[in-house]
file protein_17.pdb (PDB, C-alpha atoms)
ATOM      1  CA  MET N   1       0.304 -11.584  13.484
ATOM      2  CA  LYS N   2       2.114 -14.652  14.825
ATOM      3  CA  GLN N   3       2.762 -12.907  18.130
ATOM      4  CA  GLY N   4      -0.513 -11.025  18.243
ATOM      5  CA  ALA N   5       0.587  -7.689  16.772
ATOM      6  CA  LEU N   6      -2.045  -5.673  14.957
ATOM      7  CA  LEU N   7      -0.449  -4.207  11.813
ATOM      8  CA  ILE N   8      -2.210  -1.170  10.326
ATOM      9  CA  ALA N   9      -1.282   0.435   7.007
ATOM     10  CA  ARG N  10      -2.621   2.172   3.931
ATOM     11  CA  GLU N  11      -4.016  -0.199   1.311
ATOM     12  CA  GLU N  12      -1.352   1.000  -1.129
ATOM     13  CA  LEU N  13       1.465   0.021   1.231
ATOM     14  CA  ARG N  14       0.034  -3.436   1.828
ATOM     15  CA  ALA N  15      -0.267  -3.991  -1.927
ATOM     16  CA  ASP N  16       3.356  -2.909  -2.452
ATOM     17  CA  MET N  17       4.531  -5.207   0.339
ATOM     18  CA  ALA N  18       2.515  -8.134  -1.025
ATOM     19  CA  ARG N  19       4.285  -7.770  -4.399
ATOM     20  CA  ALA N  20       7.715  -8.082  -2.778
ATOM     21  CA  ALA N  21       9.546 -11.324  -3.465
ATOM     22  CA  ASN N  22       9.564 -13.854  -0.630
ATOM     23  CA  MET N  23       7.161 -11.806   1.531
ATOM     24  CA  ASP N  24       5.804 -13.897   4.381
ATOM     25  CA  PRO N  25       2.008 -13.244   4.311
ATOM     26  CA  SER N  26       1.923 -13.174   8.127
ATOM     27  CA  ARG N  27       4.072 -10.020   7.983
ATOM     28  CA  LEU N  28       1.543  -8.091   5.899
ATOM     29  CA  PRO N  29      -0.687  -5.495   7.560
ATOM     30  CA  ASN N  30      -3.962  -7.123   8.594
ATOM     31  CA  VAL N  31      -5.951  -3.865   8.898
ATOM     32  CA  THR N  32      -5.839  -1.429   6.003
ATOM     33  CA  TYR N  33      -7.461   1.869   5.119
ATOM     34  CA  GLY N  34      -7.579   4.056   2.041
ATOM     35  CA  MET N  35      -8.520   7.616   1.221
ATOM     36  CA  GLY N  36     -11.521   8.733   3.185
ATOM     37  CA  ASP N  37     -12.383   9.637   6.733
ATOM     38  CA  PRO N  38      -9.625   9.541   9.362
ATOM     39  CA  ILE N  39      -9.338   6.502  11.605
ATOM     40  CA  LYS N  40      -9.546   7.279  15.329
ATOM     41  CA  PHE N  41      -7.903   5.320  18.125
ATOM     42  CA  ARG N  42      -8.354   5.954  21.802
ATOM     43  CA  MET N  43      -5.394   4.742  23.842
ATOM     44  CA  ASN N  44      -4.305   5.660  27.378
ATOM     45  CA  GLY N  45      -6.406   8.820  27.400
ATOM     46  CA  GLU N  46      -5.115  10.018  24.020
ATOM     47  CA  VAL N  47      -7.104  10.347  20.795
ATOM     48  CA  ILE N  48      -4.994   9.430  17.774
ATOM     49  CA  ASP N  49      -6.134  10.211  14.232
ATOM     50  CA  LEU N  50      -4.702   8.489  11.163
ATOM     51  CA  ILE N  51      -5.447  10.958   8.383
ATOM     52  CA  PRO N  52      -4.787   9.666   4.854
ATOM     53  CA  VAL N  53      -3.531  12.206   2.331
ATOM     54  CA  LYS N  54      -3.285  12.035  -1.435
ATOM     55  CA  ALA N  55      -0.013  10.933  -2.995
ATOM     56  CA  ALA N  56       2.629  13.237  -1.483
ATOM     57  CA  HIS N  57       6.010  11.756  -0.534
ATOM     58  CA  THR N  58       4.733   8.363  -1.776
ATOM     59  CA  GLY N  59       1.365   7.002  -2.861
ATOM     60  CA  GLY N  60       0.341   6.044   0.682
ATOM     61  CA  ASP N  61       1.021   8.933   3.061
ATOM     62  CA  THR N  62      -0.691   9.452   6.405
ATOM     63  CA  ILE N  63      -0.731  12.331   8.894
ATOM     64  CA  VAL N  64      -0.827  11.129  12.519
ATOM     65  CA  ARG N  65      -2.446  13.582  14.943
ATOM     66  CA  PHE N  66      -2.402  13.243  18.721
ATOM     67  CA  GLU N  67      -5.357  15.432  19.655
ATOM     68  CA  ASN N  68      -4.849  15.846  23.405
ATOM     69  CA  ALA N  69      -1.085  16.343  23.171
ATOM     70  CA  ASP N  70      -1.528  18.826  20.266
ATOM     71  CA  VAL N  71       1.100  17.029  18.190
ATOM     72  CA  ILE N  72       1.064  16.180  14.486
ATOM     73  CA  MET N  73       3.490  13.693  12.973
ATOM     74  CA  ILE N  74       3.756  14.990   9.437
ATOM     75  CA  GLY N  75       5.809  12.255   7.842
ATOM     76  CA  ASP N  76       8.223  12.408   4.961
ATOM     77  CA  PHE N  77       6.394  14.914   2.773
ATOM     78  CA  TYR N  78       7.812  17.697   4.965
ATOM     79  CA  ARG N  79      11.339  18.298   6.187
ATOM     80  CA  ASN N  80      12.648  21.533   7.630
ATOM     81  CA  PHE N  81      16.047  21.324   5.958
ATOM     82  CA  GLY N  82      17.195  20.880   2.385
ATOM     83  CA  TYR N  83      14.867  20.079  -0.463
ATOM     84  CA  PRO N  84      11.766  17.893  -0.103
ATOM     85  CA  PHE N  85      12.014  14.390  -1.527
ATOM     86  CA  ILE N  86       9.067  13.394  -3.691
ATOM     87  CA  ASP N  87       9.331   9.656  -4.402
ATOM     88  CA  THR N  88       7.680   9.602  -7.815
ATOM     89  CA  ASN N  89       8.795   5.999  -8.343
ATOM     90  CA  ASN N  90       6.489   5.032  -5.472
ATOM     91  CA  GLY N  91       3.526   7.243  -6.359
ATOM     92  CA  GLY N  92       4.546  10.581  -4.818
ATOM     93  CA  SER N  93       3.733  13.930  -6.410
ATOM     94  CA  LEU N  94       4.590  17.591  -5.821
ATOM     95  CA  LYS N  95       0.920  18.541  -6.109
ATOM     96  CA  GLY N  96       0.037  15.979  -3.418
ATOM     97  CA  ALA N  97       2.853  17.170  -1.142
ATOM     98  CA  LEU N  98       1.658  20.767  -1.387
ATOM     99  CA  GLN N  99      -1.931  19.687  -0.660
ATOM    100  CA  ALA N 100      -0.767  17.598   2.317
ATOM    101  CA  LEU N 101       1.141  20.580   3.757
ATOM    102  CA  ASP N 102      -1.992  22.689   3.358
ATOM    103  CA  ASP N 103      -3.964  19.977   5.200
ATOM    104  CA  VAL N 104      -1.446  20.042   8.064
ATOM    105  CA  MET N 105      -1.721  23.809   8.426
ATOM    106  CA  LYS N 106      -5.528  23.552   8.560
ATOM    107  CA  LEU N 107      -5.260  20.958  11.349
ATOM    108  CA  ALA N 108      -2.578  22.755  13.361
ATOM    109  CA  GLY N 109      -3.231  25.348  16.008
ATOM    110  CA  PRO N 110      -0.669  28.035  16.886
ATOM    111  CA  ASN N 111       1.052  25.836  19.505
ATOM    112  CA  THR N 112       0.827  22.494  17.717
ATOM    113  CA  LYS N 113       4.112  20.621  17.695
ATOM    114  CA  LEU N 114       4.929  19.406  14.186
ATOM    115  CA  ILE N 115       7.159  16.352  13.846
ATOM    116  CA  PRO N 116       8.616  15.859  10.371
ATOM    117  CA  GLY N 117       9.776  12.514   9.049
ATOM    118  CA  HIS N 118      13.278  14.019   8.975
ATOM    119  CA  GLY N 119      14.505  17.076  10.821
ATOM    120  CA  ARG N 120      13.737  18.929  13.988
ATOM    121  CA  LEU N 121      10.503  19.519  15.844
ATOM    122  CA  SER N 122       8.683  22.713  14.815
ATOM    123  CA  ILE N 123       5.920  24.788  16.377
ATOM    124  CA  ALA N 124       3.117  25.645  13.959
ATOM    125  CA  ARG N 125       2.907  29.382  14.792
ATOM    126  CA  THR N 126       6.520  29.995  13.853
ATOM    127  CA  PHE N 127       7.433  26.956  11.794
ATOM    128  CA  SER N 128      10.932  27.593  13.113
ATOM    129  CA  PRO N 129      12.973  24.531  14.016
ATOM    130  CA  ILE N 130      13.675  24.140  17.725
ATOM    131  CA  ALA N 131      15.930  21.701  19.489
ATOM    132  CA  ILE N 132      14.245  18.660  20.947
TER     133      ILE N 132
END

call {"tool": "encode", "arguments": {"input": "protein_17.pdb", "output": "C-alpha cells"}}
result
Amino acid sequence: MKQGALLIAREELRADMARAANMDPSRLPNVTYGMGDPIKFRMNGEVIDLIPVKAAHTGGDTIVRFENADVIMIGDFYRNFGYPFIDTNNGGSLKGALQALDDVMKLAGPNTKLIPGHGRLSIARTFSPIAI
C-alpha cells in the first residue's frame, strides 16, 4: 500500500501470507473476501466478477469472469494437459476441484473462452485446446 496499490485476496491467502516469516505488513492484501457472493468490479466498460470457490487447487481459489468479453480465468484447479495438481498441503481437495469445474461449466456459455492457470486457451463448447 506504500505506493497506493489496492491488494485484493481471499481471506485464507492473507492469513497464510501473514504467517510467513519476515512478512512486511504493508505487503499484505488490504481488502479480503471469503466464501459468499461474488465481488463485482466495473473497470473501463468491463464487469469483472471474483467468484470464490471451495477448496480446489488450494484453500483459497477464485474464478475470475470478464462478463462483457465472455472470458473466464479458471485458475490452477484446471489444466488441459497432464494430471491436475491438488495442493492438499495448502487446503486443496479433489472434491472441491470437481465442484469448481462444475461451477465453471454452469457459468460458461458455448463461446466462452476459458483460461487455465497452466495450459492453452479453450472454448467452452468444445473444451479443445486452441493456440493463442

call {"tool": "atom_distance", "arguments": {"input": "protein_17.pdb", "atom1": "CA of Gly92 (chain N)", "atom2": "CA of Asp16 (chain N)"}}
result
13.7 Å

call {"tool": "resolve_selection", "arguments": {"input": "protein_17.pdb", "expression": "the PyMOL selection byres ((chain N and resi 71) around 12)", "output": "PyMOL selection string"}}
result
chain N and resi 46-49+63-70+72-74+104+107-116+121-124

call {"tool": "residues_around", "arguments": {"input": "protein_17.pdb", "residues": "Lys54 (chain N)", "least_positions_apart": "5", "cutoff": "9 Å", "atoms": "all atoms listed in the file", "output": "list in words"}}
result
Met35, Gly59, Gly60, Asp61, Thr62, Gly92, Ser93, Gly96, Ala97, Gln99 and Ala100 of chain N

call {"tool": "resolve_selection", "arguments": {"input": "protein_17.pdb", "expression": "the PyMOL selection byres ((chain N and resi 11) around 7)", "output": "ChimeraX atom specification"}}
result
/N:9-10,12-15,32-34

call {"tool": "residues_around", "arguments": {"input": "protein_17.pdb", "residues": "Val31 (chain N)", "least_positions_apart": "6", "cutoff": "8 Å", "atoms": "only C-alpha atoms", "output": "NGL selection string"}}
result
:N and (6-9)

call {"tool": "closest_residue", "arguments": {"input": "protein_17.pdb", "among": "N:Gly4, N:Gly82, N:Gly119, N:Gly45", "to": "Asn30 (chain N)", "atoms": "only C-alpha atoms"}}
result
N:Gly4

call {"tool": "axis_aligned_box", "arguments": {"input": "protein_17.pdb", "around": "region 45-64 of chain N", "padding_each_side": "4 Å", "output": "JSON"}}
result
{"center_x": -0.5, "center_y": 9.6, "center_z": 12.2, "size_x": 21.1, "size_y": 15.2, "size_z": 38.4}

call {"tool": "atom_distance", "arguments": {"input": "protein_17.pdb", "atom1": "CA of Pro38 (chain N)", "atom2": "CA of Met17 (chain N)"}}
result
22.3 Å

call {"tool": "closest_residue", "arguments": {"input": "protein_17.pdb", "among": "N:Met43, N:Ala5, N:Arg125, N:Arg19", "to": "Lys106 (chain N)", "atoms": "only C-alpha atoms"}}
result
N:Arg125

call {"tool": "residues_around", "arguments": {"input": "protein_17.pdb", "residues": "Asp37 (chain N)", "least_positions_apart": "2", "cutoff": "8 Å", "atoms": "only C-alpha atoms", "output": "list in words"}}
result
Met35, Ile39, Ile51 and Pro52 of chain N

call {"tool": "atom_distance", "arguments": {"input": "protein_17.pdb", "atom1": "CA of His118 (chain N)", "atom2": "CA of Ile86 (chain N)"}}
result
13.4 Å

call {"tool": "residues_near_point", "arguments": {"input": "protein_17.pdb", "point": "(8.2, 8.9, -5.2)", "cutoff": "10 Å", "atoms": "only C-alpha atoms", "output": "PyMOL selection string"}}
result
chain N and resi 55-59+85-94
